[in-house]
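J.: My structure file final.pdb, PDB, C-alpha atoms and all ligand atoms, is below:
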```pdb
ATOM      1  CA  MET P   1      17.170 186.275 110.520
ATOM      2  CA  ILE P   2      17.108 187.463 114.141
ATOM      3  CA  CYS P   3      20.170 189.605 113.495
ATOM      4  CA  TYR P   4      18.534 191.138 110.447
ATOM      5  CA  LYS P   5      15.369 191.940 112.391
ATOM      6  CA  LYS P   6      17.407 193.544 115.150
ATOM      7  CA  PHE P   7      19.279 195.551 112.535
ATOM      8  CA  ILE P   8      16.009 196.777 111.044
ATOM      9  CA  GLN P   9      14.534 197.595 114.452
ATOM     10  CA  GLY P  10      17.745 199.377 115.377
ATOM     11  CA  MET P  11      17.578 201.375 112.188
ATOM     12  CA  VAL P  12      13.918 202.239 112.835
ATOM     13  CA  VAL P  13      14.693 203.421 116.376
ATOM     14  CA  PHE P  14      17.695 205.419 115.185
ATOM     15  CA  ALA P  15      15.767 206.927 112.310
ATOM     16  CA  SER P  16      12.763 207.660 114.537
ATOM     17  CA  LEU P  17      15.007 209.590 116.897
ATOM     18  CA  ASN P  18      16.594 211.263 113.926
ATOM     19  CA  GLY P  19      13.125 212.086 112.563
ATOM     20  CA  LEU P  20      12.072 213.512 115.930
ATOM     21  CA  MET P  21      15.025 215.871 115.885
ATOM     22  CA  LEU P  22      14.215 216.919 112.348
ATOM     23  CA  ASN P  23      10.583 217.436 113.316
ATOM     24  CA  ILE P  24      11.572 219.651 116.193
ATOM     25  CA  GLN P  25      13.744 221.678 113.858
ATOM     26  CA  SER P  26      11.057 222.069 111.203
ATOM     27  CA  HIS P  27       7.929 222.070 113.303
ATOM     28  CA  THR P  28       6.873 225.538 112.246
ATOM     29  CA  ALA P  29       5.692 223.820 109.060
ATOM     30  CA  ASP P  30       2.407 222.461 110.400
ATOM     31  CA  ALA P  31       0.322 222.897 107.310
ATOM     32  CA  VAL P  32      -0.336 220.033 104.957
ATOM     33  CA  ASP P  33      -2.359 220.227 101.745
ATOM     34  CA  ILE P  34      -5.550 218.213 101.823
ATOM     35  CA  VAL P  35      -6.324 216.978  98.300
ATOM     36  CA  SER P  36      -9.126 214.782  96.992
ATOM     37  CA  ASN P  37      -6.713 212.003  95.982
ATOM     38  CA  VAL P  38      -3.337 211.296  94.387
ATOM     39  CA  ALA P  39      -4.671 209.089  91.572
ATOM     40  CA  LYS P  40      -2.447 209.162  88.495
ATOM     41  CA  ASP P  41      -4.012 209.587  85.073
ATOM     42  CA  PRO P  42      -2.629 206.583  83.138
ATOM     43  CA  THR P  43      -2.566 208.693  79.954
ATOM     44  CA  ASP P  44      -0.381 211.369  81.575
ATOM     45  CA  ILE P  45       2.779 210.406  79.686
ATOM     46  CA  PRO P  46       5.447 212.574  78.050
ATOM     47  CA  PRO P  47       5.152 212.521  74.239
ATOM     48  CA  PRO P  48       7.182 209.932  72.298
ATOM     49  CA  LEU P  49      10.786 210.976  71.596
ATOM     50  CA  ALA P  50      10.787 211.937  67.945
ATOM     51  CA  ARG P  51      14.533 212.528  67.743
ATOM     52  CA  GLY P  52      17.709 210.631  66.976
ATOM     53  CA  ARG P  53      20.162 212.956  68.721
ATOM     54  CA  SER P  54      20.787 213.180  72.398
ATOM     55  CA  GLN P  55      20.053 216.443  74.176
ATOM     56  CA  THR P  56      19.815 217.941  77.638
ATOM     57  CA  VAL P  57      16.550 217.126  79.393
ATOM     58  CA  THR P  58      15.718 219.085  82.533
ATOM     59  CA  ILE P  59      13.031 217.802  84.916
ATOM     60  CA  ASN P  60      11.885 219.736  87.972
ATOM     61  CA  LEU P  61      10.320 217.620  90.692
ATOM     62  CA  VAL P  62       8.838 218.544  94.048
ATOM     63  CA  ALA P  63       8.648 216.128  96.985
ATOM     64  CA  LYS P  64       5.503 216.921  98.895
ATOM     65  CA  GLU P  65       3.333 215.461 101.657
ATOM     66  CA  VAL P  66      -0.445 215.628 101.213
ATOM     67  CA  VAL P  67      -3.520 214.035 102.744
ATOM     68  CA  GLY P  68      -5.906 212.451 100.244
ATOM     69  CA  GLU P  69      -8.220 209.511  99.706
ATOM     70  CA  LEU P  70      -6.597 206.079  99.357
ATOM     71  CA  THR P  71      -9.838 204.089  99.317
ATOM     72  CA  PRO P  72     -13.438 205.333  99.704
ATOM     73  CA  GLY P  73     -13.835 206.842 103.172
ATOM     74  CA  LYS P  74     -10.169 206.606 104.170
ATOM     75  CA  ASN P  75      -7.684 209.425 103.801
ATOM     76  CA  PHE P  76      -3.979 208.633 103.897
ATOM     77  CA  TRP P  77      -0.973 210.833 104.558
ATOM     78  CA  PHE P  78       0.806 210.429 101.193
ATOM     79  CA  TRP P  79       4.359 211.493 100.504
ATOM     80  CA  GLY P  80       4.876 211.803  96.772
ATOM     81  CA  PHE P  81       6.316 213.583  93.778
ATOM     82  CA  ALA P  82       4.870 216.353  91.620
ATOM     83  CA  GLU P  83       6.272 217.978  88.497
ATOM     84  CA  LYS P  84       7.110 221.664  88.507
ATOM     85  CA  ASP P  85       6.793 223.775  85.372
ATOM     86  CA  GLY P  86       8.054 227.313  85.948
ATOM     87  CA  ASP P  87       6.351 228.457  89.137
ATOM     88  CA  THR P  88       3.483 225.994  88.767
ATOM     89  CA  VAL P  89       3.636 222.809  90.806
ATOM     90  CA  GLY P  90       1.425 220.008  89.468
ATOM     91  CA  PRO P  91      -0.497 217.563  91.635
ATOM     92  CA  VAL P  92       1.224 214.963  93.790
ATOM     93  CA  THR P  93       0.513 211.594  92.191
ATOM     94  CA  VAL P  94       1.309 207.934  92.855
ATOM     95  CA  PRO P  95       3.195 206.885  90.838
ATOM     96  CA  GLY P  96       5.086 210.148  90.385
ATOM     97  CA  PRO P  97       5.554 211.847  87.012
ATOM     98  CA  MET P  98       6.831 209.575  84.245
ATOM     99  CA  ILE P  99      10.188 210.729  82.864
ATOM    100  CA  ARG P 100      11.188 209.926  79.294
ATOM    101  CA  VAL P 101      14.767 210.271  78.057
ATOM    102  CA  MET P 102      17.117 208.717  75.507
ATOM    103  CA  VAL P 103      20.424 206.911  75.919
ATOM    104  CA  GLY P 104      23.191 209.522  75.842
ATOM    105  CA  ASP P 105      20.967 212.412  76.940
ATOM    106  CA  THR P 106      22.223 214.695  79.659
ATOM    107  CA  VAL P 107      19.521 214.467  82.309
ATOM    108  CA  VAL P 108      19.252 217.271  84.846
ATOM    109  CA  ILE P 109      16.934 216.581  87.760
ATOM    110  CA  ASN P 110      16.101 219.358  90.195
ATOM    111  CA  LEU P 111      14.285 218.142  93.299
ATOM    112  CA  THR P 112      12.762 220.575  95.767
ATOM    113  CA  ASN P 113      11.500 219.326  99.100
ATOM    114  CA  ALA P 114       8.359 221.438  99.658
ATOM    115  CA  ALA P 115       8.673 224.042 102.407
ATOM    116  CA  ASP P 116       5.702 222.575 104.323
ATOM    117  CA  SER P 117       7.148 219.037 104.449
ATOM    118  CA  GLU P 118       7.686 217.432 107.840
ATOM    119  CA  GLU P 119      10.257 214.957 106.494
ATOM    120  CA  PRO P 120      13.516 215.085 104.560
ATOM    121  CA  HIS P 121      13.258 213.554 101.076
ATOM    122  CA  ASN P 122      15.697 212.469  98.394
ATOM    123  CA  LEU P 123      15.897 210.655  95.050
ATOM    124  CA  ASP P 124      17.441 207.420  93.856
ATOM    125  CA  PHE P 125      17.208 206.655  90.137
ATOM    126  CA  HIS P 126      17.797 203.010  89.277
ATOM    127  CA  THR P 127      19.322 204.129  85.968
ATOM    128  CA  GLY P 128      22.716 203.936  87.702
ATOM    129  CA  PHE P 129      25.718 206.200  87.073
ATOM    130  CA  GLY P 130      25.370 208.071  90.343
ATOM    131  CA  ALA P 131      21.858 209.313  89.660
ATOM    132  CA  MET P 132      20.991 210.236  93.235
ATOM    133  CA  ILE P 133      20.137 213.320  95.252
ATOM    134  CA  SER P 134      20.907 213.088  98.966
ATOM    135  CA  ASP P 135      18.537 214.076 101.786
ATOM    136  CA  LEU P 136      16.976 217.517 101.423
ATOM    137  CA  ALA P 137      15.490 219.379 104.370
ATOM    138  CA  PRO P 138      12.091 221.058 103.808
ATOM    139  CA  GLY P 139      12.410 224.038 101.474
ATOM    140  CA  VAL P 140      15.766 222.922 100.022
ATOM    141  CA  THR P 141      16.487 222.114  96.351
ATOM    142  CA  GLY P 142      19.087 219.627  95.127
ATOM    143  CA  THR P 143      20.264 218.824  91.603
ATOM    144  CA  VAL P 144      21.774 215.777  89.946
ATOM    145  CA  THR P 145      23.074 215.552  86.378
ATOM    146  CA  PHE P 146      23.648 212.176  84.771
ATOM    147  CA  LYS P 147      23.975 210.496  81.376
ATOM    148  CA  PRO P 148      21.971 207.256  81.244
ATOM    149  CA  LYS P 149      23.842 204.699  79.146
ATOM    150  CA  ARG P 150      21.627 201.661  79.627
ATOM    151  CA  GLU P 151      18.215 201.362  78.009
ATOM    152  CA  GLY P 152      15.216 200.264  79.949
ATOM    153  CA  ALA P 153      12.348 201.213  82.209
ATOM    154  CA  TYR P 154      13.570 201.950  85.728
ATOM    155  CA  ILE P 155      12.010 202.949  88.993
ATOM    156  CA  TYR P 156      13.021 206.121  90.795
ATOM    157  CA  HIS P 157      12.198 206.489  94.465
ATOM    158  CA  CYS P 158      12.895 208.337  97.674
ATOM    159  CA  GLY P 159      15.099 206.650 100.242
ATOM    160  CA  ALA P 160      15.642 209.463 102.729
ATOM    161  CA  GLU P 161      16.765 209.020 106.342
ATOM    162  CA  GLY P 162      18.406 205.743 105.331
ATOM    163  CA  MET P 163      14.881 204.301 105.291
ATOM    164  CA  PRO P 164      13.765 203.720 101.710
ATOM    165  CA  TRP P 165      11.194 201.225 103.071
ATOM    166  CA  GLU P 166       9.366 204.021 104.882
ATOM    167  CA  HIS P 167       9.407 206.607 102.089
ATOM    168  CA  VAL P 168       8.402 204.121  99.388
ATOM    169  CA  SER P 169       5.565 202.873 101.636
ATOM    170  CA  TYR P 170       4.161 206.416 101.657
ATOM    171  CA  GLY P 171       4.109 206.527  97.825
ATOM    172  CA  MET P 172       7.419 208.042  96.754
ATOM    173  CA  TYR P 173       8.225 206.335  93.441
ATOM    174  CA  GLY P 174       7.822 206.720  89.708
ATOM    175  CA  LEU P 175       9.183 205.521  86.362
ATOM    176  CA  ILE P 176      11.991 206.772  84.156
ATOM    177  CA  MET P 177      12.155 205.359  80.644
ATOM    178  CA  VAL P 178      15.564 205.344  78.993
ATOM    179  CA  GLU P 179      14.876 204.795  75.313
ATOM    180  CA  PRO P 180      17.221 203.656  72.555
ATOM    181  CA  ARG P 181      18.433 206.209  70.015
ATOM    182  CA  GLY P 182      15.471 207.204  67.863
ATOM    183  CA  GLY P 183      13.004 206.340  70.636
ATOM    184  CA  LEU P 184      10.573 203.454  70.906
ATOM    185  CA  LYS P 185       8.620 202.207  67.889
ATOM    186  CA  LYS P 186       5.327 203.958  67.331
ATOM    187  CA  VAL P 187       2.217 202.355  68.809
ATOM    188  CA  ASP P 188      -1.442 203.439  68.815
ATOM    189  CA  LYS P 189      -1.863 204.017  72.573
ATOM    190  CA  GLU P 190       0.447 204.281  75.572
ATOM    191  CA  PHE P 191      -0.458 204.026  79.264
ATOM    192  CA  TYR P 192       1.372 204.384  82.582
ATOM    193  CA  ILE P 193       0.476 202.162  85.541
ATOM    194  CA  GLY P 194       2.077 202.040  88.974
ATOM    195  CA  GLN P 195       1.325 199.328  91.515
ATOM    196  CA  GLY P 196       1.885 199.559  95.249
ATOM    197  CA  GLU P 197       0.574 198.058  98.461
ATOM    198  CA  TRP P 198      -0.441 199.950 101.596
ATOM    199  CA  TYR P 199      -0.147 199.215 105.291
ATOM    200  CA  ILE P 200      -2.246 201.631 107.265
ATOM    201  CA  LYS P 201      -3.130 202.590 110.832
ATOM    202  CA  GLU P 202      -5.361 205.329 112.113
ATOM    203  CA  GLY P 203      -3.836 208.701 112.896
ATOM    204  CA  ILE P 204      -1.254 210.984 111.350
ATOM    205  CA  GLU P 205       1.639 211.337 113.730
ATOM    206  CA  ASP P 206       2.837 214.748 112.566
ATOM    207  CA  HIS P 207      -0.694 216.109 112.044
ATOM    208  CA  PRO P 208      -2.783 214.860 115.001
ATOM    209  CA  ASP P 209      -5.441 217.481 114.188
ATOM    210  CA  ILE P 210      -6.187 215.869 110.817
ATOM    211  CA  GLU P 211      -8.279 212.724 110.505
ATOM    212  CA  GLY P 212      -6.568 210.092 108.427
ATOM    213  CA  TYR P 213      -4.264 207.112 108.223
ATOM    214  CA  SER P 214      -0.533 206.657 107.994
ATOM    215  CA  LEU P 215       1.979 203.826 107.664
ATOM    216  CA  ASP P 216       1.607 200.836 110.004
ATOM    217  CA  GLU P 217       5.185 199.611 110.329
ATOM    218  CA  ASP P 218       4.201 196.363 112.073
ATOM    219  CA  LYS P 219       1.945 195.372 109.181
ATOM    220  CA  ALA P 220       4.672 196.371 106.736
ATOM    221  CA  LEU P 221       7.263 194.260 108.574
ATOM    222  CA  ALA P 222       4.842 191.325 108.514
ATOM    223  CA  GLU P 223       4.044 192.037 104.818
ATOM    224  CA  HIS P 224       0.296 192.070 105.493
ATOM    225  CA  PRO P 225      -1.067 194.936 103.394
ATOM    226  CA  ASP P 226      -4.544 196.416 103.788
ATOM    227  CA  TYR P 227      -4.810 197.647 100.214
ATOM    228  CA  PHE P 228      -3.256 197.500  96.769
ATOM    229  CA  THR P 229      -3.502 200.242  94.189
ATOM    230  CA  PHE P 230      -3.006 200.739  90.520
ATOM    231  CA  ASN P 231      -2.255 204.480  90.279
ATOM    232  CA  GLY P 232      -2.638 205.638  93.844
ATOM    233  CA  HIS P 233      -6.260 204.852  94.728
ATOM    234  CA  THR P 234      -8.011 201.489  95.090
ATOM    235  CA  ASP P 235     -10.545 202.660  92.455
ATOM    236  CA  ALA P 236      -8.203 204.755  90.274
ATOM    237  CA  LEU P 237      -8.525 202.576  87.160
ATOM    238  CA  LYS P 238     -12.015 201.305  88.003
ATOM    239  CA  ASP P 239     -14.181 204.283  88.939
ATOM    240  CA  PRO P 240     -15.261 206.416  85.943
ATOM    241  CA  ALA P 241     -15.134 209.464  88.280
ATOM    242  CA  LEU P 242     -11.378 208.826  88.557
ATOM    243  CA  TYR P 243      -9.661 207.113  85.593
ATOM    244  CA  GLY P 244     -11.891 204.048  85.168
ATOM    245  CA  ASN P 245     -12.488 204.927  81.516
ATOM    246  CA  ALA P 246      -9.030 206.256  80.729
ATOM    247  CA  ILE P 247      -7.622 202.978  79.421
ATOM    248  CA  THR P 248      -9.736 202.699  76.285
ATOM    249  CA  VAL P 249      -8.408 201.470  72.936
ATOM    250  CA  ASN P 250      -9.851 200.366  69.618
ATOM    251  CA  GLU P 251      -9.904 196.780  68.434
ATOM    252  CA  GLY P 252      -6.652 196.077  66.621
ATOM    253  CA  ASP P 253      -4.721 198.856  68.373
ATOM    254  CA  LYS P 254      -1.127 198.230  69.314
ATOM    255  CA  VAL P 255      -0.884 199.186  72.995
ATOM    256  CA  ARG P 256       2.130 199.879  75.194
ATOM    257  CA  ILE P 257       2.038 199.963  79.002
ATOM    258  CA  PHE P 258       4.830 201.410  81.129
ATOM    259  CA  PHE P 259       4.561 199.608  84.462
ATOM    260  CA  VAL P 260       6.319 200.390  87.726
ATOM    261  CA  ASN P 261       5.984 198.437  90.939
ATOM    262  CA  GLY P 262       6.816 200.504  94.017
ATOM    263  CA  GLY P 263       5.955 197.658  96.360
ATOM    264  CA  PRO P 264       7.371 198.177  98.980
ATOM    265  CA  ASN P 265       7.318 194.415  99.575
ATOM    266  CA  LEU P 266       5.331 192.498  97.006
ATOM    267  CA  GLY P 267       5.913 191.645  93.356
ATOM    268  CA  SER P 268       3.211 192.025  90.738
ATOM    269  CA  SER P 269       1.910 189.220  88.551
ATOM    270  CA  PHE P 270       0.620 191.741  86.047
ATOM    271  CA  HIS P 271      -2.133 190.551  83.749
ATOM    272  CA  VAL P 272      -4.891 191.864  81.506
ATOM    273  CA  ILE P 273      -7.724 189.345  81.376
ATOM    274  CA  GLY P 274      -8.353 188.047  77.874
ATOM    275  CA  GLN P 275      -5.116 189.469  76.486
ATOM    276  CA  ILE P 276      -1.559 188.284  75.966
ATOM    277  CA  PHE P 277       1.417 190.619  76.022
ATOM    278  CA  SER P 278       3.000 190.059  72.619
ATOM    279  CA  ARG P 279       6.182 191.598  73.998
ATOM    280  CA  PHE P 280       7.466 191.964  77.571
ATOM    281  CA  TYR P 281      10.559 194.132  78.021
ATOM    282  CA  PRO P 282      12.083 193.545  81.467
ATOM    283  CA  GLY P 283      15.313 195.279  80.400
ATOM    284  CA  ARG P 284      16.591 196.821  77.196
ATOM    285  CA  TYR P 285      14.389 197.262  74.156
ATOM    286  CA  MET P 286      16.075 194.572  72.026
ATOM    287  CA  ASP P 287      15.688 191.833  74.627
ATOM    288  CA  PHE P 288      11.978 191.232  74.813
ATOM    289  CA  ILE P 289      10.088 188.077  75.674
ATOM    290  CA  ARG P 290       7.288 187.088  73.307
ATOM    291  CA  ASN P 291       3.816 185.931  74.286
ATOM    292  CA  GLU P 292       3.931 186.372  78.048
ATOM    293  CA  GLU P 293       0.504 186.436  79.655
ATOM    294  CA  THR P 294       1.613 187.297  83.214
ATOM    295  CA  PRO P 295       4.965 189.039  83.508
ATOM    296  CA  PHE P 296       6.335 189.219  87.031
ATOM    297  CA  ILE P 297       7.496 192.692  87.978
ATOM    298  CA  PRO P 298       9.282 192.730  91.333
ATOM    299  CA  PRO P 299       9.010 195.554  93.844
ATOM    300  CA  GLY P 300      11.572 198.220  93.028
ATOM    301  CA  SER P 301      11.361 197.559  89.313
ATOM    302  CA  ALA P 302       9.744 198.762  86.113
ATOM    303  CA  ALA P 303       9.040 197.148  82.754
ATOM    304  CA  VAL P 304       7.317 197.749  79.441
ATOM    305  CA  VAL P 305       4.694 195.491  77.907
ATOM    306  CA  GLU P 306       2.975 195.644  74.533
ATOM    307  CA  LEU P 307      -0.143 193.961  73.282
ATOM    308  CA  ARG P 308      -2.410 193.980  70.279
ATOM    309  CA  ALA P 309      -6.026 194.408  71.400
ATOM    310  CA  LEU P 310      -7.570 191.600  69.393
ATOM    311  CA  THR P 311     -10.975 191.254  71.046
ATOM    312  CA  ALA P 312     -13.516 193.959  71.800
ATOM    313  CA  GLY P 313     -14.938 194.152  75.305
ATOM    314  CA  ASP P 314     -14.228 195.323  78.842
ATOM    315  CA  PHE P 315     -11.418 193.456  80.566
ATOM    316  CA  TYR P 316      -9.970 193.521  84.049
ATOM    317  CA  ILE P 317      -6.418 194.606  84.698
ATOM    318  CA  VAL P 318      -5.196 192.580  87.687
ATOM    319  CA  ASP P 319      -2.328 191.431  89.773
ATOM    320  CA  HIS P 320      -2.901 187.718  89.121
ATOM    321  CA  ALA P 321      -2.159 186.986  92.750
ATOM    322  CA  LEU P 322      -5.917 187.324  92.630
ATOM    323  CA  TRP P 323      -6.896 187.874  96.262
ATOM    324  CA  ARG P 324      -5.250 191.246  95.848
ATOM    325  CA  ALA P 325      -8.120 192.276  93.538
ATOM    326  CA  PRO P 326     -10.662 192.788  96.353
ATOM    327  CA  LYS P 327      -7.959 194.810  98.122
ATOM    328  CA  GLY P 328      -7.716 197.173  95.144
ATOM    329  CA  ALA P 329      -5.476 195.554  92.513
ATOM    330  CA  LEU P 330      -8.132 195.818  89.847
ATOM    331  CA  GLY P 331      -8.543 198.145  86.881
ATOM    332  CA  LEU P 332     -10.421 198.281  83.603
ATOM    333  CA  PHE P 333      -9.175 197.896  80.045
ATOM    334  CA  HIS P 334     -11.779 198.832  77.451
ATOM    335  CA  VAL P 335     -11.522 197.714  73.827
ATOM    336  CA  ASN P 336     -14.062 199.391  71.511
TER     337      ASN P 336
HETATM  338 CU    CU K 401      10.874 210.786 100.993
END
```
If you took the structure in this file and wrote it as structure tokens, what would it be?
T.:
Amino acid sequence: MICYKKFIQGMVVFASLNGLMLNIQSHTADAVDIVSNVAKDPTDIPPPLARGRSQTVTINLVAKEVVGELTPGKNFWFWGFAEKDGDTVGPVTVPGPMIRVMVGDTVVINLTNAADSEEPHNLDFHTGFGAMISDLAPGVTGTVTFKPKREGAYIYHCGAEGMPWEHVSYGMYGLIMVEPRGGLKKVDKEFYIGQGEWYIKEGIEDHPDIEGYSLDEDKALAEHPDYFTFNGHTDALKDPALYGNAITVNEGDKVRIFFVNGGPNLGSSFHVIGQIFSRFYPGRYMDFIRNEETPFIPPGSAAVVELRALTAGDFYIVDHALWRAPKGALGLFHVN
């Protein structure tokens, strides 16, 4: 245990020195975008795959650092992913854009580290088969091409500087769904939820002129988070001004939720009050578990759950480690 801690501290010192050198090299890039928040719309999902044949799918992502609200009154220095369409770069969100592909597809991922970044960033897809892009300096684009062969919902994340714990703690993760041939069965509504916990301290090291918070590594080492979020803001799925009304279904609807847990440290006991997940898919689509009320989704993992909304009303979405709810792990599920 002591050895491990020393190893981690050693890595942090090494990487901090490394980061300092990189900062010196790239310190002309002082600007950082200040955004209202990085809340992810849970309905922002690629359309279902209505095809039986594999094809080439190209996704353009941008790694970008922004300052935005994490919880009312507190801005955080987020590092995250945005999707790029032509010359247009979408908003940075936590979780990052959901990617939807089929077994046998040729997946081409282009990742650009934004020119105004202070940090190097990279990509690690848990789909396997070498789906990684190594560290990119600000302004540089890297590409990886891979053929996912194993079905399932997987996390993708940044792990640059040999410190995935740091980059994931700042919000750099999302979900890639590898579907079976023909795609997933049709349902009435689909949603995308990403959980993460946040360890914060006042001040933004690389932007001392901007008021805000950044990662508290001591709290992260001790696993004592200040906040939890579903979709990048403590009120993202609760406040109607954000996406508090976005998860709305009709009684009887068959509902699918794509769930990713970025962590960095803590697993999610994911639960919708008053509902049972008729199917929980921790891995491939054939191997589901029936009638699970609280699936456990570890940090660094993604899963799919389905339910039939049998009772009308407004229900809480929670991490059933319930003291996380007042820290932000609370959303709303409306059944008309
Ligand atoms: Cu990164």
J.: Name the residues that the PyMOL selection byres (((not hetatm)) within 7 of (chain K and resi 401)) picks from the file above, as JSON, numbers by chain, using the file's chain letters and numbers.
T.: {"P": [79, 119, 120, 121, 122, 158, 159, 160, 167, 172]}
J.: Counting only C-alpha atoms, which of P:Gly203, P:Pro282, P:Pro138, P:Gly262 gets nearest to P:Met177?
T.: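 With only C-alpha atoms as the atom set, the closest residue is P:Pro282.
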J.: At a cut-off of 7 Å, using all atoms listed in the file, what residues contact P:Gly171? Leave out same-chain residues fewer than 2 positions from it and give the result as a list in words.
T.: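 Result of the neighbour search: Phe78, Trp79, Gly80, Val94, His167, Val168, Ser169 and Tyr173 of chain P.
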J.: So the first atom is atom CA of P:Tyr199 and the second is atom CA of P:Gly96; what is the distance between them in Å, to one decimal place?
T.: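 About the pair atom CA of P:Tyr199 and atom CA of P:Gly96: they are 19.2 Å apart.
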J.: Counting all atoms listed in the file, select every polymer residue within 10 Å of (11.7, 217.9, 83.2) as defined in the file's coordinates, and provide the selection as a PDB file with C-alpha atoms, in the coordinates of the input.
T.:
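Saved as point.pdb:
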```
ATOM      1  CA  PRO P  46       5.447 212.574  78.050  1.00  0.00           C
ATOM      2  CA  THR P  56      19.815 217.941  77.638  1.00  0.00           C
ATOM      3  CA  VAL P  57      16.550 217.126  79.393  1.00  0.00           C
ATOM      4  CA  THR P  58      15.718 219.085  82.533  1.00  0.00           C
ATOM      5  CA  ILE P  59      13.031 217.802  84.916  1.00  0.00           C
ATOM      6  CA  ASN P  60      11.885 219.736  87.972  1.00  0.00           C
ATOM      7  CA  LEU P  61      10.320 217.620  90.692  1.00  0.00           C
ATOM      8  CA  GLU P  83       6.272 217.978  88.497  1.00  0.00           C
ATOM      9  CA  LYS P  84       7.110 221.664  88.507  1.00  0.00           C
ATOM     10  CA  ASP P  85       6.793 223.775  85.372  1.00  0.00           C
ATOM     11  CA  PRO P  97       5.554 211.847  87.012  1.00  0.00           C
ATOM     12  CA  MET P  98       6.831 209.575  84.245  1.00  0.00           C
ATOM     13  CA  ILE P  99      10.188 210.729  82.864  1.00  0.00           C
ATOM     14  CA  ARG P 100      11.188 209.926  79.294  1.00  0.00           C
ATOM     15  CA  VAL P 101      14.767 210.271  78.057  1.00  0.00           C
ATOM     16  CA  VAL P 107      19.521 214.467  82.309  1.00  0.00           C
ATOM     17  CA  VAL P 108      19.252 217.271  84.846  1.00  0.00           C
ATOM     18  CA  ILE P 109      16.934 216.581  87.760  1.00  0.00           C
ATOM     19  CA  ASN P 110      16.101 219.358  90.195  1.00  0.00           C
TER      20      ASN P 110
END
```
J.: Let me make sure I understand: among P:Thr88, P:Ser268, P:Ser134, P:Thr71, which one has the smallest atom-to-atom distance to P:Ser301 if we use only C-alpha atoms?
T.: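 Result for the nearest residue to P:Ser301: P:Ser268.
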J.: Go through P:Asp314, P:Asp44, P:Glu293, P:Asp209 one by one, measure the shortest atom-to-atom distance of each to P:Lys238 using all atoms listed in the file, and give the residue with the smallest value.
T.: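 Going through P:Asp314, P:Asp44, P:Glu293, P:Asp209 one by one, the smallest distance to P:Lys238 is for P:Asp314.
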J.: Report as a list in words all protein, DNA and RNA residues lying within 12 Å of P:Asp287, evaluated on all atoms listed in the file, omitting residues in the same chain fewer than 3 positions from it.
T.: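 What passes the distance filter is Glu151, Gly152, Arg279, Phe280, Tyr281, Pro282, Gly283, Arg284, Arg290, Ala303 and Val304 of chain P.
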J.: With all atoms of stretch 58-77 of chain P from the file as input, state the centre and edge lengths in Å to one decimal of the axis-aligned box that has 3 Å extra on each side, as lines of an AutoDock Vina configuration file.
T.:
```
center_x = 0.9
center_y = 211.9
center_z = 93.5
size_x = 35.6
size_y = 21.6
size_z = 28.0
```
J.: Residues within 12 Å of P:Ile297, please, as a PyMOL selection string. Count all atoms listed in the file; anything in the same chain fewer than 4 positions from it doesn't count.
T.: chain P and resi 153-155+194-196+258-263+265-271+280-283+301-305+319-320
J.: Rounded to one decimal, what separation in Å do you get between atom CA of P:Trp323 and atom CA of P:Glu292?
T.: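 Computing it gives 21.2 Å between the two atoms.
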J.: Env of P:Gly142: 7 Å cut, atoms = all atoms listed in the file, seq-sep filter 4 positions within chain, self excluded. Answer as a list in words.
T.: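 Using all atoms listed in the file, the neighbours found are Asn110, Leu111, Thr112, Ile133 and Leu136 of chain P.
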